[in-house]
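Chemist: Structure: run-v8.txt, compact mmCIF, C-alpha atoms.
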```
# COMPACT_ATOMS: atom_id res chain seq x y z
CA MET H 13 21.37 8.49 -21.86
CA PHE H 14 19.79 8.91 -18.43
CA GLN H 15 17.83 12.07 -19.21
CA ALA H 16 14.71 10.23 -20.41
CA PRO H 17 14.51 7.83 -17.40
CA LEU H 18 15.22 10.74 -15.07
CA LEU H 19 12.32 12.77 -16.46
CA GLY H 20 10.04 9.72 -16.43
CA GLY H 21 11.08 9.01 -12.83
CA LEU H 22 10.39 12.60 -11.81
CA PHE H 23 6.94 12.27 -13.37
CA ILE H 24 6.30 9.05 -11.44
CA GLY H 25 7.68 10.23 -8.12
CA VAL H 26 6.14 13.68 -7.94
CA LEU H 27 2.67 12.73 -9.15
CA SER H 28 2.58 9.64 -6.92
CA ALA H 29 3.60 11.58 -3.82
CA LEU H 30 1.10 14.43 -4.07
CA PRO H 31 -1.80 13.86 -1.66
CA VAL H 32 -4.82 14.02 -3.98
CA VAL H 33 -3.14 13.53 -7.35
CA GLY H 34 -1.46 10.35 -6.09
CA LEU H 35 -4.84 8.65 -6.01
CA GLY H 36 -4.44 8.26 -9.78
CA ASN H 37 -2.22 5.26 -9.01
CA CYS H 38 -5.33 3.48 -7.74
CA CYS H 39 -6.36 3.23 -11.40
CA CYS H 40 -4.00 0.46 -12.57
CA CYS H 41 -0.86 2.33 -11.41
CA LEU H 42 -1.67 5.17 -13.80
CA TRP H 43 1.26 7.47 -13.00
CA VAL H 44 3.78 4.64 -12.99
CA VAL H 45 2.71 3.29 -16.38
CA CYS H 46 2.58 6.81 -17.84
CA GLY H 47 6.05 7.54 -16.48
CA GLY H 48 7.46 4.47 -18.22
CA VAL H 49 5.70 5.43 -21.45
CA LEU H 50 6.96 9.02 -21.14
CA ALA H 51 10.54 7.89 -20.57
CA THR H 52 10.42 5.65 -23.63
CA TYR H 53 8.85 8.39 -25.73
CA LEU H 54 11.59 10.83 -24.76
CA ASP H 55 14.25 8.20 -25.41
CA GLN H 56 12.84 7.55 -28.89
CA GLN H 57 12.71 11.27 -29.67
CA ARG H 58 16.40 11.57 -28.84
CA ASP H 59 17.50 8.71 -31.11
CA PRO H 60 16.61 8.46 -34.83
CA THR H 61 16.94 4.66 -34.91
CA PRO H 62 13.86 2.64 -33.99
CA ILE H 63 13.65 1.74 -30.32
CA THR H 64 13.40 -1.93 -29.45
CA ILE H 65 11.04 -3.43 -26.90
CA ALA H 66 14.04 -4.44 -24.75
CA ARG H 67 15.39 -0.89 -24.74
CA GLY H 68 11.94 0.43 -23.87
CA ALA H 69 11.75 -2.05 -21.01
CA TYR H 70 15.16 -0.95 -19.72
CA THR H 71 14.23 2.72 -19.97
CA GLY H 72 10.94 2.08 -18.16
CA PHE H 73 12.72 0.06 -15.45
CA LEU H 74 15.17 2.89 -14.80
CA ALA H 75 12.27 5.36 -14.67
CA GLY H 76 10.52 3.14 -12.10
CA VAL H 77 13.59 2.95 -9.86
CA ILE H 78 14.23 6.68 -10.11
CA GLY H 79 10.51 7.30 -9.50
CA ALA H 80 10.63 5.33 -6.24
CA VAL H 81 13.60 7.37 -5.00
CA VAL H 82 11.96 10.65 -6.01
CA TYR H 83 8.76 9.48 -4.31
CA LEU H 84 10.68 8.89 -1.08
CA PHE H 85 12.03 12.44 -0.99
CA VAL H 86 8.83 14.18 -2.11
CA ALA H 87 6.57 12.11 0.15
CA SER H 88 8.77 12.71 3.18
CA THR H 89 8.68 16.45 2.48
CA VAL H 90 4.92 16.43 2.01
CA SER H 91 4.52 14.33 5.15
CA ALA H 92 6.59 16.80 7.17
CA LEU H 93 4.54 19.72 5.87
CA MET H 94 1.22 17.95 6.48
CA ALA H 95 2.11 16.55 9.94
CA PRO H 96 0.15 19.15 11.97
CA LEU H 97 -2.96 18.62 9.86
CA GLN H 98 -2.57 14.85 10.06
CA GLU H 99 -2.30 14.96 13.86
CA GLU H 100 -5.47 17.05 14.04
CA VAL H 101 -7.37 14.66 11.77
CA THR H 102 -6.12 11.60 13.65
CA GLY H 103 -7.13 13.13 16.98
CA ALA H 104 -10.58 14.04 15.70
CA MET H 105 -11.00 10.57 14.25
CA SER H 106 -10.02 8.83 17.48
CA ARG H 107 -12.41 11.00 19.50
CA SER H 108 -15.34 10.50 17.14
CA THR H 109 -15.04 6.73 16.71
CA THR H 110 -16.10 5.42 20.09
CA ASP H 111 -17.44 2.24 18.50
CA MET H 112 -14.02 1.38 17.04
CA PRO H 113 -12.39 -1.73 18.54
CA PRO H 114 -9.43 -0.93 20.78
CA GLU H 115 -7.06 -3.02 18.63
CA VAL H 116 -7.87 -0.98 15.52
CA ARG H 117 -7.49 2.28 17.42
CA GLN H 118 -4.15 1.11 18.79
CA ALA H 119 -2.94 0.12 15.29
CA LEU H 120 -3.96 3.53 13.88
CA GLU H 121 -2.13 5.31 16.69
CA TRP H 122 0.97 3.15 16.13
CA VAL H 123 1.02 3.90 12.39
CA SER H 124 0.57 7.62 12.97
CA ALA H 125 3.32 7.54 15.62
CA ASN H 126 5.80 5.85 13.24
CA PRO H 127 5.54 7.64 9.89
CA SER H 128 9.12 6.82 8.91
CA LEU H 129 8.45 3.09 9.14
CA SER H 130 5.34 3.48 7.03
CA LEU H 131 7.28 5.56 4.49
CA ALA H 132 10.09 2.97 4.32
CA PHE H 133 7.59 0.18 3.69
CA ASP H 134 5.85 2.28 1.04
CA PHE H 135 9.21 2.99 -0.63
CA PHE H 136 10.09 -0.71 -0.73
CA VAL H 137 6.73 -1.64 -2.26
CA ARG H 138 6.99 1.17 -4.82
CA LEU H 139 10.52 0.12 -5.70
CA MET H 140 9.54 -3.51 -6.30
CA VAL H 141 6.11 -3.07 -7.89
CA GLY H 142 6.77 0.29 -9.53
CA SER H 143 9.87 -0.89 -11.36
CA VAL H 144 7.95 -3.84 -12.83
CA VAL H 145 4.93 -1.74 -13.83
CA ALA H 146 7.12 1.03 -15.27
CA THR H 147 8.98 -1.64 -17.26
CA LEU H 148 5.66 -2.70 -18.76
CA GLY H 149 4.91 0.97 -19.49
CA GLY H 150 8.29 1.28 -21.22
CA MET H 151 7.53 -1.74 -23.37
CA LEU H 152 4.15 -0.27 -24.23
CA GLY H 153 5.78 3.05 -25.11
CA ALA H 154 8.32 1.30 -27.33
CA ALA H 155 5.51 -0.38 -29.22
CA PHE H 156 3.57 2.89 -29.62
CA PHE H 157 6.34 5.37 -30.40
CA ARG H 158 8.71 3.29 -32.51
CA ASN H 159 10.18 5.42 -35.32
CA ASP H 160 9.96 3.67 -38.63
CA VAL H 161 13.13 4.51 -40.52
CA PRO H 162 12.81 4.82 -44.31
CA PRO H 163 14.82 2.33 -46.40
CA ALA H 164 17.11 5.10 -47.67
CA LEU H 165 18.34 5.65 -44.10
CA GLY H 166 18.89 1.98 -43.31
CA GLY H 167 15.37 0.88 -42.41
CA PRO H 168 13.74 -2.33 -43.57
CA VAL H 169 13.03 -2.68 -47.27
CA PRO H 170 9.33 -3.21 -47.99
CA PRO H 171 8.38 -6.25 -50.09
CA PRO H 172 7.85 -5.53 -53.80
CA LEU H 173 4.33 -4.87 -54.94
CA LEU H 174 2.80 -7.52 -57.14
CA PRO H 175 1.14 -6.34 -60.33
CA PRO H 176 -2.66 -6.53 -60.27
CA MET H 177 -4.19 -9.54 -61.98
```
Let's see the structure in the file written out as structure tokens.
Modeler:
Amino acid sequence: MFQAPLLGGLFIGVLSALPVVGLGNCCCCLWVVCGGVLATYLDQQRDPTPITIARGAYTGFLAGVIGAVVYLFVASTVSALMAPLQEEVTGAMSRSTTDMPPEVRQALEWVSANPSLSLAFDFFVRLMVGSVVATLGGMLGAAFFRNDVPPALGGPVPPPLLPPM
């Protein structure tokens, strides 16, 4: 039951946390929507009955929540690995921007000195916004990938054809 949201959440979290690939979320939350659609697709492939919009929304919501948690772990790992490079870039930027106002420089130094606070805020935003957007992706996936069951297997009976006049 949770395999599809887990895989959708892994898709959301890993692709959102990667430094360059994560920029895809700037395009209408691309990875989050695709993760919700992927989770719904996998859920529909597992079950022969047609998926409802509500079930797609639930699957997408779970994928969004799992994606935020996965993002937290992957982003903290990437941040720890990239810390030396980030310190070098921040130092070079502060030395080269002599025309920067002191308040802006101080804010940049504070943010770079407190990466855990920045990561916690980012996690909270991704949890709130990502779960809503992934829910929409799940609803979209349910509309796209709905299995139409033939009448012999319990699906809806099509209306009778009228003879041509």
Chemist: Hey, which of H:Gly79, H:Gly72, H:Pro171, H:Gly48 ends up closest to Leu27 of chain H? Count all atoms listed in the file.
Modeler: H:Gly79
Chemist: With all atoms listed in the file as the atoms that count, which of H:Met94, H:Asp59, H:Thr64, H:Ala146 lies nearest to Cys40 of chain H?
Modeler: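 Smallest separation from Cys40 of chain H among the options: H:Ala146.
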Chemist: Find the residues with any atom within 8 Å of (14.3, 5.3, -29.4); use all atoms listed in the file and the coordinates as given in the file, and write the answer as a VMD selection string.
Modeler: chain H and resid 52 to 64 67 to 68 154 158 to 159
Chemist: To one decimal place, how far is atom CA of Gly21 of chain H from atom CA of Phe73 of chain H in Å?
Modeler: 9.5 Å
Chemist: Got a sec: who's within 7 Å of segment 41-47 of chain H, counting all atoms listed in the file, leaving out chain neighbours fewer than 3 positions off, as a ChimeraX atom specification?
Modeler: /H:20-21,23-24,27-28,36-38,50-51,75-76,142,145-146,149
Chemist: Give me, please, the distance in Å between atom CA of Tyr83 of chain H and atom CA of Ala29 of chain H, quoted to one decimal.
Modeler: 5.6 Å
Chemist: Nearest to Ile78 of chain H: which of H:Pro175, H:Leu152, H:Val144, H:Leu19 is it, counting all atoms listed in the file?
Modeler: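 Closest candidate: H:Leu19.
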Chemist: Quick one: pull the distance between atom CA of Ala16 of chain H and atom CA of Ala155 of chain H, Å, one decimal.
Modeler: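 Going from atom CA of Ala16 of chain H over to atom CA of Ala155 of chain H, I get 16.6 Å.
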Chemist: Just the residues within 8 Å of segment 30-33 of chain H, please, counting all atoms listed in the file, with nothing from its chain fewer than 6 positions along; format it as a PyMOL selection string.
Modeler: chain H and resi 86-87+90
Chemist: When distances are computed from only C-alpha atoms, which of H:Ala164, H:Val169, H:Leu97, H:Val81 shows the smallest separation from Ala132 of chain H?
Modeler: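 Ranked by minimum distance to Ala132 of chain H, first place goes to H:Val81.
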